[in-house]
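To be precise, the following lines are upload_0.cif, and they hold mmCIF, C-alpha atoms and all ligand atoms.
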data_query
#
loop_
_atom_site.label_atom_id
_atom_site.label_comp_id
_atom_site.auth_asym_id
_atom_site.auth_seq_id
_atom_site.Cartn_x
_atom_site.Cartn_y
_atom_site.Cartn_z
CA ASN B 18 -6.63 -5.52 -18.88
CA ASN B 19 -6.89 -6.93 -22.37
CA LYS B 20 -7.36 -3.33 -23.51
CA GLU B 21 -4.00 -2.44 -21.96
CA TRP B 22 -2.27 -5.10 -24.01
CA GLN B 23 -4.08 -4.06 -27.15
CA ALA B 24 -2.97 -0.50 -26.55
CA ALA B 25 0.64 -1.57 -25.95
CA TYR B 26 0.71 -3.75 -29.08
CA SER B 27 -0.71 -0.96 -31.19
CA VAL B 28 1.93 1.47 -29.86
CA ILE B 29 4.72 -1.02 -30.59
CA GLU B 30 3.39 -1.60 -34.10
CA GLN B 31 3.35 2.11 -34.88
CA LEU B 32 6.85 2.62 -33.50
CA GLU B 33 8.11 -0.31 -35.57
CA ASN B 34 6.41 1.05 -38.67
CA ALA B 35 8.27 4.29 -38.09
CA GLY B 36 11.53 2.32 -38.07
CA PHE B 37 12.11 2.04 -34.32
CA GLU B 38 12.54 -0.91 -31.99
CA ALA B 39 9.94 -1.33 -29.23
CA VAL B 40 9.20 -4.04 -26.66
CA ILE B 41 7.14 -4.68 -23.54
CA VAL B 42 9.26 -4.64 -20.37
CA GLY B 43 9.10 -4.89 -16.59
CA GLY B 44 6.35 -6.23 -14.36
CA ALA B 45 3.91 -7.02 -17.18
CA VAL B 46 6.36 -9.44 -18.80
CA ARG B 47 7.18 -11.08 -15.47
CA ASP B 48 3.51 -11.44 -14.52
CA THR B 49 2.56 -12.84 -17.93
CA ILE B 50 5.22 -15.55 -17.65
CA LEU B 51 3.89 -16.29 -14.17
CA GLY B 52 0.33 -16.47 -15.46
CA ARG B 53 -0.66 -13.61 -13.18
CA PRO B 54 -2.85 -10.75 -14.35
CA ALA B 55 -0.53 -7.93 -15.36
CA HIS B 56 -1.25 -4.29 -14.72
CA ASP B 57 0.76 -1.43 -16.25
CA VAL B 58 1.92 -2.75 -19.59
CA ASP B 59 5.04 -0.64 -20.12
CA VAL B 60 6.79 -0.18 -23.44
CA ALA B 61 10.50 0.52 -23.95
CA THR B 62 11.93 1.82 -27.21
CA ASN B 63 15.10 3.00 -28.87
CA ALA B 64 13.23 6.08 -30.10
CA MET B 65 14.19 9.25 -28.24
CA PRO B 66 11.34 10.97 -26.35
CA GLU B 67 10.96 13.62 -29.06
CA GLU B 68 10.86 10.89 -31.70
CA VAL B 69 8.14 9.05 -29.76
CA LYS B 70 6.12 12.26 -29.64
CA SER B 71 6.49 12.75 -33.39
CA VAL B 72 5.09 9.28 -34.14
CA PHE B 73 1.80 9.78 -32.25
CA ASN B 74 -0.91 12.41 -32.38
CA HIS B 75 -1.73 12.29 -28.70
CA THR B 76 1.00 12.21 -26.09
CA ALA B 77 1.63 13.69 -22.66
CA ASP B 78 4.94 14.42 -20.98
CA ILE B 79 4.75 12.57 -17.70
CA GLY B 80 8.41 12.00 -16.96
CA ILE B 81 10.24 13.25 -19.95
CA GLN B 82 13.48 13.90 -18.01
CA HIS B 83 13.52 10.12 -17.36
CA GLY B 84 12.52 9.41 -20.93
CA THR B 85 8.89 8.53 -20.30
CA VAL B 86 6.11 9.75 -22.60
CA LEU B 87 2.48 8.79 -22.17
CA VAL B 88 1.05 7.77 -25.52
CA ILE B 89 -2.72 7.85 -25.96
CA VAL B 90 -4.22 5.53 -28.57
CA PRO B 91 -7.89 4.49 -29.05
CA ALA B 92 -7.47 1.35 -26.90
CA GLY B 93 -5.98 3.27 -23.98
CA SER B 94 -2.79 4.93 -22.82
CA VAL B 95 0.69 3.47 -22.59
CA GLU B 96 3.87 4.60 -20.87
CA VAL B 97 6.67 4.56 -23.41
CA THR B 98 10.20 4.93 -22.04
CA THR B 99 13.34 5.40 -24.08
CA PHE B 100 16.06 2.78 -23.52
CA ARG B 101 18.36 4.26 -20.92
CA THR B 102 21.09 3.59 -18.44
CA ASP B 103 21.10 5.24 -15.07
CA GLY B 104 23.51 8.12 -14.48
CA GLN B 105 25.70 8.59 -11.44
CA TYR B 106 24.26 7.31 -8.20
CA THR B 107 24.53 9.61 -5.23
CA ASP B 108 23.10 9.03 -1.76
CA HIS B 109 22.24 5.39 -2.53
CA ARG B 110 19.10 6.47 -4.35
CA ARG B 111 18.07 6.27 -7.95
CA PRO B 112 19.84 8.95 -9.96
CA GLU B 113 18.13 12.14 -11.02
CA GLU B 114 19.85 11.99 -14.38
CA VAL B 115 19.64 9.24 -16.95
CA GLN B 116 21.39 8.64 -20.26
CA PHE B 117 19.36 7.55 -23.23
CA VAL B 118 20.86 4.67 -25.20
CA ARG B 119 20.00 2.83 -28.39
CA SER B 120 20.60 -0.70 -27.10
CA LEU B 121 17.95 -2.82 -25.41
CA GLN B 122 20.59 -4.84 -23.61
CA ASP B 123 21.92 -1.74 -21.85
CA ASP B 124 18.39 -0.90 -20.76
CA LEU B 125 17.76 -4.39 -19.41
CA GLN B 126 21.08 -4.37 -17.58
CA ARG B 127 20.10 -1.44 -15.35
CA ARG B 128 17.00 -3.24 -14.09
CA ASP B 129 16.94 -4.70 -10.60
CA PHE B 130 16.20 -8.43 -10.82
CA THR B 131 16.49 -11.01 -13.57
CA MET B 132 12.72 -11.57 -13.51
CA ASN B 133 12.25 -7.83 -14.16
CA ALA B 134 14.85 -7.67 -16.92
CA ILE B 135 13.02 -9.59 -19.65
CA ALA B 136 11.66 -7.93 -22.77
CA MET B 137 8.79 -9.26 -24.84
CA CYS B 138 8.42 -8.52 -28.53
CA ARG B 139 5.21 -8.09 -30.48
CA ASP B 140 5.49 -11.60 -31.93
CA GLY B 141 5.53 -13.06 -28.41
CA SER B 142 9.26 -13.85 -28.38
CA PHE B 143 11.43 -12.89 -25.41
CA VAL B 144 14.74 -11.09 -25.03
CA ASP B 145 16.18 -12.55 -21.85
CA PHE B 146 19.92 -11.98 -21.36
CA TYR B 147 20.02 -12.76 -17.64
CA GLY B 148 18.12 -16.02 -17.32
CA GLY B 149 15.01 -14.30 -16.02
CA ARG B 150 12.59 -16.94 -17.27
CA GLN B 151 14.60 -19.71 -15.66
CA ASP B 152 14.61 -17.81 -12.35
CA ILE B 153 10.86 -17.24 -12.58
CA GLU B 154 10.42 -20.95 -13.23
CA ALA B 155 12.49 -21.75 -10.13
CA GLY B 156 10.89 -19.00 -8.03
CA ILE B 157 14.12 -17.08 -7.47
CA ILE B 158 14.77 -13.38 -6.99
CA ARG B 159 18.29 -12.67 -8.28
CA ALA B 160 19.97 -9.32 -8.79
CA VAL B 161 21.12 -8.47 -12.31
CA GLY B 162 24.93 -8.37 -12.16
CA ASN B 163 26.87 -7.94 -8.92
CA PRO B 164 24.30 -7.65 -6.13
CA GLN B 165 26.62 -5.74 -3.81
CA ILE B 166 27.12 -3.05 -6.45
CA ARG B 167 23.45 -2.95 -7.41
CA PHE B 168 22.34 -2.40 -3.81
CA THR B 169 25.05 0.20 -3.23
CA GLU B 170 23.71 2.11 -6.24
CA ASP B 171 20.12 2.05 -5.04
CA ALA B 172 19.24 0.83 -1.56
CA LEU B 173 15.50 0.61 -2.30
CA ARG B 174 16.20 -2.47 -4.42
CA MET B 175 16.86 -4.44 -1.22
CA LEU B 176 13.36 -3.78 0.04
CA ARG B 177 11.95 -4.49 -3.41
CA ALA B 178 13.53 -7.95 -3.22
CA VAL B 179 11.76 -8.59 0.07
CA ARG B 180 8.51 -7.15 -1.26
CA PHE B 181 8.61 -9.46 -4.30
CA SER B 182 9.25 -12.44 -2.02
CA ALA B 183 6.00 -11.59 -0.21
CA GLN B 184 4.05 -10.88 -3.41
CA LEU B 185 5.23 -13.90 -5.37
CA GLY B 186 6.32 -16.30 -2.63
CA PHE B 187 9.80 -16.47 -4.24
CA GLU B 188 13.13 -17.14 -2.51
CA ILE B 189 15.88 -14.55 -2.57
CA GLU B 190 18.95 -16.13 -4.17
CA SER B 191 21.78 -16.59 -1.66
CA ALA B 192 24.38 -14.12 -3.04
CA THR B 193 21.60 -11.56 -3.43
CA LEU B 194 20.44 -12.14 0.17
CA LYS B 195 24.01 -11.95 1.45
CA ALA B 196 24.51 -8.63 -0.29
CA ILE B 197 21.34 -7.29 1.35
CA GLN B 198 22.65 -8.41 4.74
CA ASN B 199 25.87 -6.50 4.06
CA LYS B 200 24.17 -3.37 2.81
CA ALA B 201 21.02 -3.34 4.97
CA ALA B 202 22.04 -0.20 6.89
CA ASP B 203 21.87 1.77 3.62
CA ILE B 204 18.07 1.51 3.69
CA SER B 205 18.18 4.57 5.99
CA TRP B 206 18.97 6.63 2.87
CA ILE B 207 15.57 5.91 1.42
CA ALA B 208 12.61 8.23 2.07
CA ASN B 209 10.02 6.79 4.45
CA GLU B 210 7.20 7.29 1.95
CA ARG B 211 8.95 4.97 -0.49
CA ILE B 212 9.52 2.41 2.23
CA LYS B 213 5.84 2.66 3.13
CA ALA B 214 4.85 1.96 -0.48
CA GLU B 215 6.84 -1.28 -0.36
CA LEU B 216 5.36 -2.28 3.02
CA ASP B 217 1.86 -1.63 1.60
CA LYS B 218 2.66 -4.29 -0.97
CA ILE B 219 4.14 -6.70 1.58
CA TRP B 220 0.98 -6.58 3.74
CA THR B 221 -1.20 -7.48 0.76
CA GLY B 222 1.17 -10.08 -0.64
CA LYS B 223 0.20 -13.72 -0.91
CA ASP B 224 2.99 -14.82 1.44
CA VAL B 225 3.32 -12.07 4.03
CA PHE B 226 5.00 -14.44 6.46
CA LYS B 227 7.79 -15.10 4.00
CA GLY B 228 8.16 -11.37 3.40
CA ILE B 229 8.49 -10.55 7.10
CA LEU B 230 10.83 -13.48 7.58
CA MET B 231 12.99 -12.11 4.75
CA LEU B 232 12.83 -8.64 6.28
CA GLU B 233 14.34 -10.11 9.45
CA GLN B 234 16.76 -12.53 7.80
CA SER B 235 18.10 -9.82 5.54
CA SER B 236 18.62 -7.54 8.59
CA LEU B 237 16.55 -4.81 6.92
CA ALA B 238 14.07 -4.99 9.81
CA ASN B 239 16.84 -3.73 12.12
CA TYR B 240 16.97 -0.46 10.22
CA LEU B 241 13.25 0.17 9.86
CA PRO B 242 11.02 1.77 12.51
CA GLY B 243 8.98 -0.58 14.68
CA SER B 244 9.23 -4.27 15.39
CA PHE B 245 8.10 -6.89 12.91
CA GLU B 246 8.11 -10.21 14.81
CA ALA B 247 7.91 -12.64 11.92
CA LYS B 248 6.32 -15.43 13.94
CA GLN B 249 3.26 -13.23 14.51
CA TRP B 250 2.53 -13.14 10.80
CA CYS B 251 2.38 -16.81 9.92
CA ASP B 252 -1.37 -16.89 9.23
CA PHE B 253 -1.71 -13.33 8.03
CA LYS B 254 -3.49 -12.54 4.79
CA ALA B 255 -4.96 -9.18 3.87
CA HIS B 256 -6.90 -7.83 0.92
CA HIS B 257 -6.24 -4.26 1.98
CA LYS B 258 -3.03 -2.53 3.02
CA LEU B 259 -4.66 -0.83 6.01
CA ILE B 260 -5.43 -4.20 7.54
CA GLY B 261 -1.69 -4.84 7.44
CA TRP B 262 -0.92 -1.49 9.03
CA ALA B 263 -3.50 -2.14 11.76
CA TYR B 264 -1.96 -5.54 12.47
CA PHE B 265 1.54 -4.04 12.49
CA ALA B 266 0.33 -1.24 14.79
CA VAL B 267 -0.96 -3.71 17.37
CA LEU B 268 2.48 -5.33 17.48
CA GLN B 269 4.02 -1.98 18.45
CA GLY B 270 1.99 -1.60 21.67
CA GLU B 271 1.68 1.89 23.18
CA CYS B 272 3.95 3.67 20.72
CA TRP B 273 2.09 2.52 17.60
CA GLN B 274 1.25 6.06 16.49
CA ASP B 275 4.86 7.22 16.53
CA VAL B 276 5.89 4.17 14.54
CA LEU B 277 3.16 4.61 11.92
CA ARG B 278 3.80 8.34 11.68
CA SER B 279 7.44 7.68 10.94
CA TYR B 280 6.27 5.83 7.81
CA ARG B 281 4.27 8.95 6.87
CA LEU B 282 0.85 7.37 6.97
CA SER B 283 -1.83 9.96 6.25
CA ASN B 284 -4.20 11.19 8.97
CA LYS B 285 -6.96 9.22 7.32
CA GLU B 286 -4.92 6.03 7.44
CA ILE B 287 -3.95 6.64 11.08
CA GLY B 288 -7.65 7.30 11.79
CA PHE B 289 -8.63 3.90 10.42
CA VAL B 290 -5.96 2.16 12.47
CA ARG B 291 -7.05 4.06 15.61
CA ALA B 292 -10.63 2.94 15.08
CA VAL B 293 -9.51 -0.67 14.64
CA ILE B 294 -7.54 -0.53 17.87
CA ALA B 295 -10.56 0.98 19.65
CA ALA B 296 -12.80 -1.74 18.20
CA LEU B 297 -10.35 -4.37 19.39
CA ASP B 298 -10.57 -2.83 22.83
CA ALA B 299 -14.35 -2.89 22.66
CA LEU B 300 -14.24 -6.56 21.69
CA LYS B 301 -12.14 -7.26 24.77
CA ARG B 302 -14.42 -5.24 27.08
CA GLY B 303 -17.62 -6.68 25.73
CA TRP B 304 -19.49 -4.88 23.06
CA SER B 305 -21.94 -2.08 23.91
CA ASN B 306 -24.66 -0.29 21.96
CA MET B 307 -22.38 2.75 21.75
CA ASP B 308 -19.74 0.63 20.07
CA TYR B 309 -22.21 -0.49 17.42
CA LEU B 310 -22.84 3.14 16.68
CA MET B 311 -19.20 4.06 16.43
CA PHE B 312 -17.49 1.50 14.24
CA THR B 313 -17.82 0.62 10.59
CA GLN B 314 -18.11 -2.91 9.33
CA GLN B 315 -14.61 -2.84 7.92
CA GLU B 316 -13.11 -1.62 11.17
CA LEU B 317 -14.94 -4.32 13.11
CA GLU B 318 -13.90 -7.02 10.70
CA THR B 319 -10.29 -5.94 10.86
CA ALA B 320 -10.42 -5.89 14.66
CA ARG B 321 -11.98 -9.37 14.70
CA TYR B 322 -9.30 -10.60 12.38
CA VAL B 323 -6.52 -9.15 14.50
CA ALA B 324 -8.10 -10.65 17.62
CA GLU B 325 -8.27 -14.05 15.97
CA LEU B 326 -4.68 -13.98 14.72
CA ARG B 327 -3.40 -12.78 18.05
CA GLU B 328 -5.44 -15.53 19.71
CA LEU B 329 -7.24 -13.13 21.98
CA SER B 330 -10.33 -14.69 23.45
CA VAL B 331 -12.92 -12.01 22.87
CA HIS B 332 -16.65 -11.87 22.44
CA ILE B 333 -17.32 -11.48 18.76
CA PRO B 334 -20.75 -10.27 17.67
CA GLN B 335 -21.93 -12.58 14.94
CA GLN B 336 -24.27 -10.14 13.23
CA SER B 337 -23.10 -7.46 10.87
CA ILE B 338 -22.73 -3.88 12.03
CA PRO B 339 -25.54 -2.57 9.78
CA GLU B 340 -27.86 -5.24 11.24
CA LEU B 341 -26.91 -4.34 14.79
CA GLN B 342 -27.22 -0.65 14.04
CA ALA B 343 -30.69 -1.20 12.60
CA GLN B 344 -31.84 -2.36 16.04
CA LEU B 345 -30.60 0.80 17.75
CA PRO B 346 -32.95 3.74 18.48
CA ILE B 347 -30.72 5.95 16.32
CA LYS B 348 -28.21 4.92 13.66
CA HIS B 349 -25.98 7.95 13.85
CA GLN B 350 -24.96 10.65 16.28
CA LYS B 351 -26.37 13.21 13.83
CA GLU B 352 -29.88 11.86 14.38
CA LEU B 353 -30.01 13.30 17.91
CA VAL B 354 -32.74 15.97 17.90
CA VAL B 355 -30.84 18.12 20.40
CA ASN B 356 -27.51 19.83 19.88
CA GLY B 357 -24.99 21.90 21.83
CA SER B 358 -26.64 25.24 21.21
CA ASP B 359 -29.95 23.89 22.56
CA LEU B 360 -28.13 23.07 25.79
CA LEU B 361 -26.72 26.59 26.03
CA THR B 362 -30.14 28.18 25.42
CA TRP B 363 -31.93 25.93 27.91
CA SER B 364 -29.37 26.31 30.67
CA GLY B 365 -28.39 29.94 30.20
CA LYS B 366 -24.89 28.76 31.13
CA LYS B 367 -21.62 29.50 29.39
CA GLY B 368 -20.17 26.97 27.03
CA GLY B 369 -17.39 24.69 28.25
CA PRO B 370 -16.29 21.09 28.44
CA TRP B 371 -19.60 20.26 30.14
CA VAL B 372 -21.46 20.64 26.82
CA LYS B 373 -19.56 17.89 25.09
CA GLU B 374 -19.83 15.72 28.16
CA ALA B 375 -23.59 16.26 28.41
CA LEU B 376 -24.08 15.49 24.72
CA GLN B 377 -22.11 12.29 25.11
CA LYS B 378 -24.18 11.19 28.13
CA MET B 379 -27.35 12.07 26.26
CA LEU B 380 -26.24 10.05 23.27
CA GLU B 381 -25.45 7.06 25.47
CA ALA B 382 -28.83 7.27 27.19
CA VAL B 383 -30.64 7.45 23.84
CA VAL B 384 -28.60 4.66 22.25
CA ASN B 385 -29.14 2.44 25.27
CA GLY B 386 -32.89 3.05 25.13
CA GLU B 387 -33.01 4.83 28.52
CA LEU B 388 -34.12 8.10 26.98
CA GLN B 389 -36.29 8.84 23.97
CA ASN B 390 -34.93 10.91 21.13
CA ASP B 391 -37.55 13.58 21.77
CA ARG B 392 -36.83 17.25 22.46
CA GLN B 393 -39.22 17.62 25.40
CA GLN B 394 -38.06 14.44 27.11
CA ILE B 395 -34.41 15.24 26.55
CA LYS B 396 -34.97 18.74 27.94
CA GLU B 397 -36.47 17.33 31.14
CA TRP B 398 -33.73 14.73 31.40
CA ILE B 399 -30.96 17.26 30.95
CA GLU B 400 -32.53 19.68 33.47
CA HIS B 401 -32.66 16.90 36.01
CA GLU B 402 -29.15 15.58 35.26
CA TYR B 403 -27.27 18.80 34.69
CA PHE B 404 -28.97 22.06 35.60
CA HIS B 405 -30.51 21.28 38.97
CA GLU B 406 -27.58 19.90 40.85
CA GLY B 407 -25.86 23.21 41.47
P1 LIG B 501 4.74 -3.92 -9.90
O1 LIG B 501 3.94 -5.09 -10.30
O2 LIG B 501 4.74 -3.73 -8.42
O3 LIG B 501 4.44 -2.66 -10.64
P2 LIG B 501 7.18 -3.81 -11.36
O4 LIG B 501 8.27 -4.81 -11.55
O5 LIG B 501 6.42 -3.40 -12.56
O6 LIG B 501 6.24 -4.35 -10.22
P3 LIG B 501 7.81 -1.03 -11.10
O7 LIG B 501 8.21 -0.26 -9.88
O8 LIG B 501 6.53 -0.71 -11.77
O9 LIG B 501 7.85 -2.56 -10.67
O10 LIG B 501 9.02 -0.89 -12.10
C1 LIG B 501 8.95 -1.33 -13.46
C2 LIG B 501 10.29 -1.93 -13.85
O11 LIG B 501 11.33 -0.96 -13.71
C3 LIG B 501 10.73 -3.11 -13.00
O12 LIG B 501 10.18 -4.33 -13.46
C4 LIG B 501 12.24 -3.05 -13.16
O13 LIG B 501 12.62 -3.61 -14.40
C5 LIG B 501 12.51 -1.56 -13.21
N1 LIG B 501 12.81 -1.00 -11.88
C6 LIG B 501 11.92 -0.44 -11.02
N2 LIG B 501 12.52 0.01 -9.92
C7 LIG B 501 13.83 -0.25 -10.07
C8 LIG B 501 14.99 0.00 -9.28
N3 LIG B 501 14.89 0.59 -8.09
N4 LIG B 501 16.20 -0.39 -9.77
C9 LIG B 501 16.28 -0.99 -10.98
N5 LIG B 501 15.24 -1.25 -11.76
C10 LIG B 501 14.02 -0.88 -11.33
MG MG B 502 4.88 -1.85 -12.57
#
For the structure just supplied, provide its representation as structure tokens.
Ligand code: ATP
Ligand code: MG
Amino acid sequence: NNKEWQAAYSVIEQLENAGFEAVIVGGAVRDTILGRPAHDVDVATNAMPEEVKSVFNHTADIGIQHGTVLVIVPAGSVEVTTFRTDGQYTDHRRPEEVQFVRSLQDDLQRRDFTMNAIAMCRDGSFVDFYGGRQDIEAGIIRAVGNPQIRFTEDALRMLRAVRFSAQLGFEIESATLKAIQNKAADISWIANERIKAELDKIWTGKDVFKGILMLEQSSLANYLPGSFEAKQWCDFKAHHKLIGWAYFAVLQGECWQDVLRSYRLSNKEIGFVRAVIAALDALKRGWSNMDYLMFTQQELETARYVAELRELSVHIPQQSIPELQAQLPIKHQKELVVNGSDLLTWSGKKGGPWVKEALQKMLEAVVNGELQNDRQQIKEWIEHEYFHEG
């Protein structure tokens, strides 16, 4: 973290020595004023991208069409973006084209909220044309300029306002909130992956309840897949986004998969949520040896957490999954000494759904201690259970 700042300061110093203006902008400035640890220390400059590249030995083009050059210095790497204004907005999304400008004020003016439109110089002084520090002090999210126009330009900004309210616990200023209410339907223009990225940050925010409340009060929730039900989130706190998605999924009932898929969650993410829902089910049923074998600690903990928040009265195993697994005859399905092809050889039968079924029964019998994990014993058991009943 400190390294990131060192790197940014060294980049600014070199740009200044070459006769350019350079400042720290965006989230890092906001978070520093808030006393929060800042990640991504971004630098903005009046040097054109080609000029930035000429000042440093090591650079990489990471978004040169938007004016961003990655500068690599001994302390680390820094994203350096040329002052710019956004071009024409089409489709209520951020423009593909930008215009580079030489004035810091123009660059700050295109930014979304006052708290995100503050620049910090190398000497620690601030450039703050829009009262950003005062708004941070008061805990207010306020659009830069006319909120109605700003949200018409780029609809994602509305969801960013809500996301910041969850992350920082800030209030959305009333004209800004009113403009979101007016423009909420425009959120449909935004790609679901980008909406997902904002929801990821809401789930892990320090005041999720406020975020969901704002999602409903702003009307944005009406235009997003699924139902949010703010009152269900009042005690929610998550250190991982997937815990949020699992909790959200449970609120959707039967159709949870369709809802999560519409946010473009990956198969892996859906898999985690499915396991949590299965674990929740197992908690409700009463927990079996098979369940211990199937779930990971994180899945169980998430399921427990969801059960607690939803005030489900369930039996909750107090021990950890690894401890419970240690007491089982086998710790993993792979430890079974018999596999599907053994069954085919022994029976002389054709493969079919019965193989999977038999393996499952065998696994259950072994895990429950009714059958030893021993080839000879399993062979006798399977002959008795499967091959001799016609
Ligand atoms: P985080 O801590 O989540 O990274 P951030 O404020 O740094 O928050 P970024 O998405 O990294 O957010 O954007 C960096 C800066 O770029 C913002 O602080 C803001 O000044 C500007 N910005 C980002 N997205 C938009 C947008 N949609 N419209 C206007 N300005 C934006
Ligand atoms: Mg950032």
Return as a Markdown table the residues of chain B lying at most 8 Å from ligand LIG 501 (chain B), together with the closest atom-to-atom pair for each and the distance in Å to one decimal, counting only C-alpha atoms and all ligand atoms, with rows in chain order and ascending residue number.
| residue | atom | partner | partner_atom | distance |
| --- | --- | --- | --- | --- |
| B:Val42 | CA | B:LIG501 | O13 | 6.9 |
| B:Gly43 | CA | B:LIG501 | O12 | 3.4 |
| B:Gly44 | CA | B:LIG501 | O5 | 3.4 |
| B:Ala45 | CA | B:LIG501 | O5 | 6.4 |
| B:Arg47 | CA | B:LIG501 | O4 | 7.5 |
| B:Asp48 | CA | B:LIG501 | O1 | 7.6 |
| B:Ala55 | CA | B:LIG501 | O1 | 7.3 |
| B:His56 | CA | B:LIG501 | O1 | 6.9 |
| B:Asp57 | CA | B:LIG501 | O3 | 6.8 |
| B:Asp59 | CA | B:LIG501 | C1 | 7.8 |
| B:Arg111 | CA | B:LIG501 | N3 | 6.5 |
| B:Leu125 | CA | B:LIG501 | O13 | 7.2 |
| B:Arg127 | CA | B:LIG501 | C9 | 5.8 |
| B:Arg128 | CA | B:LIG501 | N5 | 3.5 |
| B:Asp129 | CA | B:LIG501 | C9 | 3.8 |
| B:Phe130 | CA | B:LIG501 | O13 | 7.0 |
| B:Met132 | CA | B:LIG501 | O12 | 7.7 |
| B:Asn133 | CA | B:LIG501 | O12 | 4.1 |
| B:Ala134 | CA | B:LIG501 | O13 | 5.3 |
| B:Ile135 | CA | B:LIG501 | O13 | 8.0 |
| B:Asp171 | CA | B:LIG501 | N3 | 6.2 |
| B:Ala172 | CA | B:LIG501 | N3 | 7.8 |
| B:Leu173 | CA | B:LIG501 | N3 | 5.8 |
| B:Arg174 | CA | B:LIG501 | N3 | 5.0 |
| B:Arg177 | CA | B:LIG501 | N3 | 7.5 |
| B:Lys218 | CA | B:LIG501 | O2 | 7.8 |
Checklist entry - Which distance in Å separates CA of Gln126 in chain B and CA of Leu51 in chain B, to one decimal? => result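 Spanning CA of Gln126 in chain B to CA of Leu51 in chain B is a straight-line distance of 21.2 Å.
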Item to check | Residues near Ala201 in chain B, cut-off 7 Å, all atoms listed in the file, skip fewer than 3 positions along chain, as an NGL selection string | outcome: :B and (197-198 or 204 or 236-237)
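Between Leu232 in chain B and the residues B:Ala208, B:Ile81, B:Met175, B:Leu326, the shortest atom-to-atom distance, using only C-alpha atoms, involves B:Met175.
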Item to check | Residue nearest ligand MG 502 (chain B) among B:Val58, B:Val331, B:Ile189, B:Leu345 (counting all atoms listed in the file) | outcome: B:Val58
